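Have a look at final_38.cif; it's mmCIF, C-alpha atoms:
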data_entry
#
loop_
_atom_site.label_atom_id
_atom_site.label_comp_id
_atom_site.auth_asym_id
_atom_site.auth_seq_id
_atom_site.Cartn_x
_atom_site.Cartn_y
_atom_site.Cartn_z
CA MET A 111 55.70 -21.75 -46.81
CA GLU A 112 52.65 -20.99 -44.67
CA GLN A 113 53.11 -21.87 -41.01
CA PRO A 114 50.49 -24.24 -39.52
CA LYS A 115 48.06 -22.54 -37.19
CA LYS A 116 48.73 -23.04 -33.53
CA LYS A 117 46.03 -25.10 -31.84
CA SER A 118 44.08 -23.39 -29.07
CA PHE A 119 43.42 -24.94 -25.67
CA THR A 120 39.88 -25.69 -26.84
CA ASP A 121 41.22 -27.52 -29.92
CA ASN A 122 43.56 -29.58 -27.74
CA MET A 123 40.76 -30.42 -25.29
CA ARG A 124 38.67 -31.82 -28.13
CA LEU A 125 41.59 -33.97 -29.23
CA TRP A 126 42.31 -35.19 -25.69
CA PHE A 127 38.68 -36.16 -25.07
CA LYS A 128 38.00 -37.50 -28.56
CA GLY A 129 37.68 -41.05 -27.22
CA ILE A 130 34.91 -39.91 -24.87
CA LEU A 131 33.11 -37.45 -27.13
CA GLU A 132 32.76 -39.69 -30.18
CA PRO A 133 30.92 -42.60 -28.45
CA ILE A 134 28.56 -40.13 -26.76
CA ALA A 135 27.99 -38.30 -30.06
CA ASN A 136 27.30 -41.62 -31.82
CA PHE A 137 24.78 -42.60 -29.15
CA LEU A 138 22.96 -39.26 -29.33
CA GLY A 139 22.80 -39.57 -33.11
CA LYS A 140 21.37 -43.09 -32.89
CA ILE A 141 18.51 -41.95 -30.65
CA GLY A 142 17.55 -39.32 -33.22
CA LEU A 143 19.16 -36.15 -31.93
CA THR A 144 20.77 -33.75 -34.39
CA PRO A 145 23.74 -31.38 -33.91
CA THR A 146 21.34 -28.42 -34.06
CA ALA A 147 19.20 -29.95 -31.31
CA ILE A 148 22.29 -30.31 -29.11
CA THR A 149 23.29 -26.70 -29.82
CA LEU A 150 19.84 -25.38 -28.93
CA THR A 151 19.73 -27.56 -25.81
CA GLY A 152 22.95 -25.93 -24.66
CA VAL A 153 21.53 -22.44 -25.16
CA ALA A 154 18.26 -23.36 -23.39
CA GLY A 155 20.16 -24.91 -20.49
CA ASN A 156 22.24 -21.79 -20.07
CA ILE A 157 19.12 -19.62 -20.10
CA VAL A 158 17.74 -21.67 -17.20
CA GLY A 159 21.13 -21.44 -15.50
CA ALA A 160 21.16 -17.67 -15.93
CA VAL A 161 17.72 -17.38 -14.32
CA LEU A 162 18.96 -19.41 -11.34
CA ILE A 163 22.09 -17.24 -11.08
CA ALA A 164 20.03 -14.05 -11.28
CA ASN A 165 18.11 -15.31 -8.25
CA GLY A 166 21.27 -16.09 -6.30
CA GLN A 167 21.13 -19.86 -6.88
CA PHE A 168 24.80 -20.03 -7.81
CA LEU A 169 25.19 -23.69 -6.93
CA TRP A 170 22.54 -25.01 -9.29
CA GLY A 171 23.21 -22.32 -11.87
CA GLY A 172 26.88 -23.27 -11.85
CA VAL A 173 26.12 -26.98 -12.04
CA LEU A 174 23.83 -26.39 -15.02
CA ALA A 175 26.43 -24.20 -16.73
CA MET A 176 29.02 -26.91 -16.15
CA LEU A 177 26.74 -29.57 -17.64
CA MET A 178 25.97 -27.45 -20.70
CA GLY A 179 29.64 -26.77 -21.44
CA PRO A 180 30.48 -30.18 -22.99
CA LEU A 181 27.56 -29.78 -25.42
CA ASP A 182 29.70 -27.20 -27.21
CA ALA A 183 32.07 -29.99 -28.22
CA LEU A 184 29.39 -32.62 -28.79
CA ASP A 185 27.46 -30.78 -31.50
CA GLY A 186 30.56 -30.31 -33.63
CA THR A 187 31.61 -33.94 -33.10
CA MET A 188 28.13 -35.15 -34.08
CA ALA A 189 28.15 -33.05 -37.25
CA ARG A 190 31.55 -34.42 -38.23
CA LEU A 191 30.57 -38.05 -37.60
CA ARG A 192 27.32 -37.62 -39.56
CA GLY A 193 29.17 -35.98 -42.46
CA GLU A 194 27.15 -32.81 -41.93
CA ALA A 195 29.95 -30.44 -40.93
CA SER A 196 29.57 -27.15 -42.80
CA ASN A 197 30.41 -23.46 -42.59
CA TRP A 198 26.78 -22.78 -41.70
CA GLY A 199 26.92 -25.24 -38.82
CA ALA A 200 30.17 -23.71 -37.57
CA PHE A 201 28.58 -20.26 -37.78
CA VAL A 202 25.50 -21.32 -35.78
CA ASP A 203 27.70 -23.07 -33.22
CA SER A 204 29.87 -19.97 -32.77
CA VAL A 205 26.89 -17.61 -32.44
CA SER A 206 25.17 -19.91 -29.94
CA ASP A 207 28.37 -20.01 -27.89
CA ARG A 208 28.34 -16.23 -27.65
CA TYR A 209 24.69 -16.21 -26.63
CA SER A 210 25.24 -18.89 -23.98
CA GLU A 211 28.20 -17.11 -22.41
CA LEU A 212 26.62 -13.66 -22.43
CA ILE A 213 23.33 -14.99 -21.04
CA ILE A 214 25.19 -16.44 -18.05
CA PHE A 215 26.99 -13.15 -17.50
CA GLY A 216 23.63 -11.38 -17.85
CA GLY A 217 22.19 -13.40 -14.99
CA LEU A 218 25.21 -12.59 -12.86
CA LEU A 219 25.02 -8.91 -13.76
CA TYR A 220 21.35 -8.82 -12.77
CA TYR A 221 22.13 -10.43 -9.42
CA TYR A 222 24.89 -7.98 -8.53
CA ALA A 223 22.81 -5.01 -9.69
CA PHE A 224 19.87 -6.18 -7.57
CA GLN A 225 22.22 -6.51 -4.59
CA SER A 226 23.61 -3.01 -5.28
CA ASN A 227 27.06 -4.58 -5.50
CA MET A 228 28.78 -2.06 -7.76
CA THR A 229 32.09 -3.92 -7.63
CA GLY A 230 30.40 -7.05 -8.93
CA VAL A 231 28.58 -5.10 -11.66
CA LEU A 232 31.78 -3.48 -12.90
CA LEU A 233 33.74 -6.74 -12.84
CA VAL A 234 31.04 -8.58 -14.78
CA PHE A 235 30.86 -5.71 -17.29
CA ALA A 236 34.65 -5.85 -17.77
CA ALA A 237 34.47 -9.65 -18.16
CA VAL A 238 31.75 -9.24 -20.80
CA ILE A 239 33.87 -6.74 -22.74
CA GLY A 240 36.82 -9.13 -22.77
CA SER A 241 34.68 -12.16 -23.58
CA VAL A 242 33.17 -10.37 -26.59
CA LEU A 243 36.43 -8.91 -27.86
CA VAL A 244 38.36 -12.21 -27.72
CA PRO A 245 36.30 -13.95 -30.44
CA TYR A 246 35.61 -10.68 -32.29
CA THR A 247 39.30 -9.85 -32.76
CA LYS A 248 39.93 -13.37 -34.07
CA ALA A 249 36.97 -13.33 -36.45
CA ARG A 250 37.74 -9.83 -37.72
CA ALA A 251 41.40 -10.70 -38.21
CA GLU A 252 40.54 -13.83 -40.17
CA SER A 253 38.16 -11.84 -42.38
CA LEU A 254 41.19 -9.69 -43.31
CA LYS A 255 43.39 -12.78 -43.89
CA PHE A 256 45.36 -12.33 -40.66
CA ASP A 257 45.96 -14.92 -37.96
CA ALA A 258 44.90 -13.96 -34.42
CA ASN A 259 44.81 -17.43 -32.92
CA THR A 260 46.72 -16.59 -29.75
CA GLY A 261 46.08 -15.54 -26.17
CA ILE A 262 45.94 -16.91 -22.65
CA LEU A 263 42.18 -17.09 -22.08
CA THR A 264 39.88 -18.47 -24.77
CA ARG A 265 36.29 -19.58 -24.23
CA MET A 266 37.17 -22.97 -22.77
CA GLU A 267 39.42 -21.42 -20.12
CA ARG A 268 36.74 -18.84 -19.29
CA TYR A 269 34.22 -21.65 -18.87
CA MET A 270 36.63 -23.60 -16.64
CA ILE A 271 37.01 -20.57 -14.39
CA LEU A 272 33.41 -19.33 -14.30
CA ALA A 273 31.51 -22.60 -13.77
CA PRO A 274 33.51 -23.73 -10.70
CA GLY A 275 33.53 -20.11 -9.51
CA LEU A 276 29.73 -20.11 -9.51
CA ILE A 277 29.50 -23.41 -7.64
CA LEU A 278 32.03 -22.38 -4.99
CA GLY A 279 30.57 -18.88 -4.91
CA TYR A 280 27.40 -20.31 -3.41
CA TYR A 281 29.41 -21.04 -0.27
CA TYR A 282 32.09 -18.35 -0.56
CA PRO A 283 30.90 -15.28 -2.51
CA ALA A 284 34.42 -13.84 -2.63
CA ILE A 285 35.54 -16.79 -4.77
CA LEU A 286 32.96 -15.93 -7.43
CA LEU A 287 34.02 -12.29 -7.49
CA THR A 288 37.63 -13.41 -7.80
CA ALA A 289 36.77 -15.73 -10.68
CA VAL A 290 34.96 -12.93 -12.51
CA ALA A 291 37.89 -10.58 -11.86
CA ILE A 292 40.32 -13.14 -13.32
CA ILE A 293 38.17 -13.47 -16.44
CA ALA A 294 37.84 -9.69 -16.73
CA LEU A 295 41.60 -9.21 -16.54
CA LEU A 296 42.83 -12.15 -18.62
CA ALA A 297 40.14 -11.96 -21.32
CA ASN A 298 41.00 -8.33 -22.02
CA ILE A 299 44.72 -9.19 -22.03
CA THR A 300 43.94 -11.94 -24.54
CA ALA A 301 42.09 -9.49 -26.80
CA PHE A 302 45.07 -7.13 -26.57
CA GLN A 303 47.46 -10.00 -27.41
CA ARG A 304 45.45 -10.67 -30.56
CA ILE A 305 45.44 -7.00 -31.50
CA LEU A 306 49.23 -6.88 -31.15
CA LYS A 307 49.64 -10.04 -33.23
CA VAL A 308 47.52 -8.62 -36.04
CA ARG A 309 49.36 -5.29 -35.79
CA LYS A 310 52.67 -7.09 -36.28
CA GLN A 311 51.34 -8.96 -39.31
CA GLY A 312 49.89 -5.77 -40.74
CA HIS A 313 53.19 -3.93 -40.40
CA GLU A 314 55.03 -6.86 -41.99
CA LEU A 315 52.59 -6.91 -44.91
CA LEU A 316 53.02 -3.16 -45.39
CA ARG A 317 56.81 -3.56 -45.35
CA GLN A 318 56.64 -6.26 -48.01
CA MET A 319 54.38 -4.13 -50.19
CA LYS A 320 56.83 -1.23 -49.99
CA GLN A 321 59.72 -3.53 -50.93
CA ASN A 322 57.84 -4.86 -53.94
CA ARG A 323 57.07 -1.43 -55.36
CA PRO A 324 58.90 -0.75 -58.63
#

Could you take the file, read its structure, and then write that structure out as structure tokens?
Amino acid sequence: MEQPKKKSFTDNMRLWFKGILEPIANFLGKIGLTPTAITLTGVAGNIVGAVLIANGQFLWGGVLAMLMGPLDALDGTMARLRGEASNWGAFVDSVSDRYSELIIFGGLLYYYAFQSNMTGVLLVFAAVIGSVLVPYTKARAESLKFDANTGILTRMERYMILAPGLILGYYYPAILLTAVAIIALLANITAFQRILKVRKQGHELLRQMKQNRP
């Protein structure tokens, strides 16, 4: 019997805040907004936030990033309530999430490079590597019929570390560097956790195949 997939922190957050998200999603739908419009608004907002961050305006860049974060949940909720949920919509949502996150990191990378802060540049680069590999390992595993839904730092947790880190970093720059360092470390650990989980499943599948040989 196939074991049910373990819910991620992001999945649980959507369940916990369902009573808040659904009324907001219904209201946005009634005034004529579509899930795609919400998705694109989130990307556009993060682009503006990244420009602010690149210019050292961490407070407003962080506030904007924090405001754009809930849109990630709203577009999916709107699609479900409108009966328009589809694989294509999920694909667009996932790709836009990657763009939004990497754009914010891009603004931060530009700022540290302009300040000749090599420590900041390297930490952001490491955070980007982890942030890309976390969803990639999951998507690649699922394409091979493996389950990689595990790890300590998914996108929601990264968002909950980075956005407050940006806001507080306006007053205390060391806090922002610490937040980026935490993401860099834990995101790469998460990717490694997923690799190990898939490795275990792959070895188990190979063992079963050998046992079933005539």

Give the answer as one residue: which of A:Tyr246, A:Trp198, A:Phe302, A:Phe235 has the shortest atom-to-atom distance to A:Ile262, using all atoms listed in the file?
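Of the candidates, the smallest distance to A:Ile262 is held by A:Phe302.
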
If you count all atoms listed in the file, the residue of A:Ala258, A:Gly240, A:Met266, A:Tyr280 closest to A:Lys307 turns out to be A:Ala258

Counting all atoms listed in the file, closest pick from A:Val158, A:Met176, A:Ile130, A:Val290 relative to A:Ser241 is A:Val290

Residues within 10 Å of A:Met270, all atoms listed in the file, excluding chain neighbours under 4 positions, as a list in words: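 Returned residues: Met176, Gly179, Arg265, Met266, Pro274, Gly275 and Ala289 of chain A.
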
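When atom CA of A:Ala301 is paired with atom CA of A:Gly261, their separation reads 7.3 Å.
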
Checklist entry - Which residue gives the smallest distance to A:Ile163 among A:Ile271, A:Leu315, A:Leu177, A:Ile214, with only C-alpha atoms counted? => result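 For A:Ile163, the nearest of the given residues is A:Ile214.
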